[in-house]
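The next block holds one structure in the form of structure tokens; read it before the comments.
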Amino acid sequence: MATIETDIDINALNESGKRGHELVKWAYDHLRYDGEKLVHTALYAGTPHVDHIRCASMLGYSAATVRNWCSQSNGPLAPRYINGKPYWRMSDIRKLLEI
């Protein structure tokens, strides 16, 4: 894994026993990470995509805005559908945030 220059709590993330998108969800719910910390947690976890709630938090928008992007196909990011549910690619989020 790459070294991440931020103040995310690597020990807490490791102790959670979660991996991938479950780790990102756990960090959002339990550590109250949002924005840059959540982006770096997703990078640390190696998750390729996130749901609309985590995407909105990373970008600083409301979840309703991200859902509207999906339903109206007019946002800066296009969702990828997995099992019929929209998810947003971390690579697209990183490009948008210039990370």
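Just so we're on the same page: first chain in the structure tokens is A, next is B, and so on; residues restart at 1 for each chain, and ligands are numbered from 1 in the order they show up.
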List as a list in words the protein and nucleic acid residues near range 86-97 of chain A, meaning an atom at most 8 Å away when only C-alpha atoms are counted, but skip any in the same chain fewer than 5 places from it. Ala42, Thr47, Pro48, His49, Val50, Asp51, His52, Cys55, Leu59, Cys70, Pro76, Leu77, Ala78, Pro79, Arg80 and Tyr81 of chain A
Would you export the selected residues with N, CA and C atoms as a short mmCIF file (atom, residue, chain, number, x, y, z; two decimals), in the first residue's frame, please?
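Result written to selection26.cif:
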```cif
data_model
loop_
_atom_site.label_atom_id
_atom_site.label_comp_id
_atom_site.auth_asym_id
_atom_site.auth_seq_id
_atom_site.Cartn_x
_atom_site.Cartn_y
_atom_site.Cartn_z
N ALA A 42 -10.37 5.61 1.32
CA ALA A 42 -10.72 4.78 0.16
C ALA A 42 -9.47 4.37 -0.60
N THR A 47 -10.43 0.51 -2.54
CA THR A 47 -11.75 0.30 -3.11
C THR A 47 -11.88 1.04 -4.44
N PRO A 48 -12.39 0.38 -5.47
CA PRO A 48 -12.48 1.01 -6.78
C PRO A 48 -13.68 1.93 -6.95
N HIS A 49 -14.68 1.82 -6.08
CA HIS A 49 -15.89 2.63 -6.23
C HIS A 49 -16.55 2.83 -4.86
N VAL A 50 -17.42 3.85 -4.80
CA VAL A 50 -18.15 4.15 -3.57
C VAL A 50 -19.61 4.47 -3.91
N ASP A 51 -20.47 4.39 -2.91
CA ASP A 51 -21.88 4.71 -3.12
C ASP A 51 -22.08 6.23 -3.11
N HIS A 52 -23.33 6.65 -3.34
CA HIS A 52 -23.61 8.09 -3.48
C HIS A 52 -23.38 8.86 -2.18
N CYS A 55 -19.55 9.27 -1.92
CA CYS A 55 -19.14 10.15 -3.02
C CYS A 55 -19.48 11.60 -2.68
N LEU A 59 -16.85 14.81 -2.11
CA LEU A 59 -16.87 15.97 -2.99
C LEU A 59 -17.43 17.22 -2.34
N CYS A 70 -27.16 11.26 -11.07
CA CYS A 70 -27.40 9.92 -11.60
C CYS A 70 -28.71 9.88 -12.39
N PRO A 76 -20.91 16.00 -13.09
CA PRO A 76 -19.53 15.89 -13.55
C PRO A 76 -19.01 14.46 -13.52
N LEU A 77 -19.73 13.57 -12.84
CA LEU A 77 -19.34 12.16 -12.77
C LEU A 77 -20.49 11.29 -13.24
N ALA A 78 -20.16 10.24 -13.95
CA ALA A 78 -21.17 9.27 -14.37
C ALA A 78 -21.06 8.03 -13.50
N PRO A 79 -22.17 7.52 -13.03
CA PRO A 79 -22.10 6.33 -12.18
C PRO A 79 -21.85 5.07 -12.99
N ARG A 80 -21.38 4.08 -12.30
CA ARG A 80 -21.24 2.73 -12.84
C ARG A 80 -22.25 1.89 -12.08
N TYR A 81 -23.03 1.12 -12.80
CA TYR A 81 -24.06 0.32 -12.14
C TYR A 81 -23.53 -1.07 -11.81
#
```
To test your reading of the structure, identify every residue in chain A that backbone DSSP assigns to helix (DSSP H, G or I), and report it as a PyMOL selection string. chain A and resi 10-15+20-30+35-45+52-59+63-72+90-97
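Each of A:Asp9, A:Val24, A:Asn83, A:Lys37 was compared to Arg54 in chain A using only C-alpha atoms, and A:Val24 turns out to be the nearest.
When only C-alpha atoms are used to measure the gap to Gly60 in chain A, the shortest distance among A:Leu38, A:Leu31, A:Leu23, A:Ala45 belongs to A:Leu38.
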Shell of 9 Å around Leu13 in chain A, only C-alpha atoms, local chain residues under 5 positions omitted, as a VMD selection string: chain A and resid 8 18 to 19 23 26 to 27 41
For N, CA and C atoms, I'd like the residues from the last selection saved as a compact mmCIF listing (two decimals), in the first residue's frame.
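Written output follows (out-v2.txt):
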```txt
# COMPACT_ATOMS: atom_id res chain seq x y z
N ILE A 8 -5.35 10.44 8.77
CA ILE A 8 -6.27 9.34 9.03
C ILE A 8 -5.62 8.42 10.06
N LYS A 18 -12.15 -4.41 8.90
CA LYS A 18 -12.87 -4.22 7.63
C LYS A 18 -11.88 -4.04 6.49
N ARG A 19 -12.38 -4.28 5.28
CA ARG A 19 -11.57 -4.09 4.08
C ARG A 19 -12.43 -3.49 2.98
N LEU A 23 -14.61 -0.86 4.78
CA LEU A 23 -13.73 -0.02 5.59
C LEU A 23 -14.08 1.46 5.40
N TRP A 26 -17.24 2.08 7.25
CA TRP A 26 -16.96 2.08 8.69
C TRP A 26 -16.31 3.40 9.11
N ALA A 27 -15.34 3.88 8.33
CA ALA A 27 -14.66 5.14 8.66
C ALA A 27 -15.64 6.31 8.62
N THR A 41 -8.92 7.38 2.92
CA THR A 41 -9.30 6.06 3.45
C THR A 41 -9.65 5.12 2.32
```
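When only C-alpha atoms are used to measure the gap to Met58 in chain A, the shortest distance among A:Glu22, A:Ile99, A:His30, A:Lys85 belongs to A:Ile99.
Using only C-alpha atoms, the nearest neighbour of Gly35 in chain A within the list A:Asn11, A:Ser16, A:Asn68, A:Ser62 is A:Ser62.
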CA of Ser57 in chain A to CA of Asp34 in chain A, straight-line distance in Å: 5.4 Å
Measuring atom to atom with only C-alpha atoms, identify which of A:Ser73, A:Gly84, A:Val39, A:Lys25 is nearest to Asp7 in chain A. A:Val39
Enumerate the residues of range 12-94 of chain A with a DSSP assignment of strand (DSSP E), computed from the backbone, and present them as a PyMOL selection string. chain A and resi 49-50+80-82+85-89
Please, could you write that set of residues out with N, CA, C and O atoms as a CSV table (one decimal), in the first residue's frame?
```
chain,number,residue,atom,x,y,z
A,49,HIS,N,-14.7,1.8,-6.1
A,49,HIS,CA,-15.9,2.6,-6.2
A,49,HIS,C,-16.6,2.8,-4.9
A,49,HIS,O,-16.3,2.1,-3.9
A,50,VAL,N,-17.4,3.9,-4.8
A,50,VAL,CA,-18.2,4.2,-3.6
A,50,VAL,C,-19.6,4.5,-3.9
A,50,VAL,O,-19.9,4.8,-5.0
A,80,ARG,N,-21.4,4.1,-12.3
A,80,ARG,CA,-21.2,2.7,-12.8
A,80,ARG,C,-22.3,1.9,-12.1
A,80,ARG,O,-22.3,2.0,-10.8
A,81,TYR,N,-23.0,1.1,-12.8
A,81,TYR,CA,-24.1,0.3,-12.1
A,81,TYR,C,-23.5,-1.1,-11.8
A,81,TYR,O,-23.0,-1.8,-12.7
A,82,ILE,N,-23.7,-1.5,-10.6
A,82,ILE,CA,-23.3,-2.8,-10.1
A,82,ILE,C,-24.5,-3.4,-9.4
A,82,ILE,O,-25.0,-2.8,-8.5
A,85,LYS,N,-27.4,-1.0,-8.9
A,85,LYS,CA,-27.2,0.2,-8.1
A,85,LYS,C,-26.1,1.0,-8.6
A,85,LYS,O,-25.0,0.5,-9.0
A,86,PRO,N,-26.2,2.4,-8.5
A,86,PRO,CA,-25.2,3.2,-9.0
A,86,PRO,C,-24.0,3.4,-8.0
A,86,PRO,O,-24.3,3.5,-6.8
A,87,TYR,N,-22.8,3.3,-8.5
A,87,TYR,CA,-21.6,3.6,-7.7
A,87,TYR,C,-20.7,4.5,-8.5
A,87,TYR,O,-20.8,4.5,-9.7
A,88,TRP,N,-19.9,5.2,-7.8
A,88,TRP,CA,-19.0,6.2,-8.5
A,88,TRP,C,-17.6,5.7,-8.3
A,88,TRP,O,-17.1,5.3,-7.3
A,89,ARG,N,-16.8,5.8,-9.5
A,89,ARG,CA,-15.4,5.3,-9.5
A,89,ARG,C,-14.5,6.3,-8.7
A,89,ARG,O,-14.6,7.5,-8.9
```
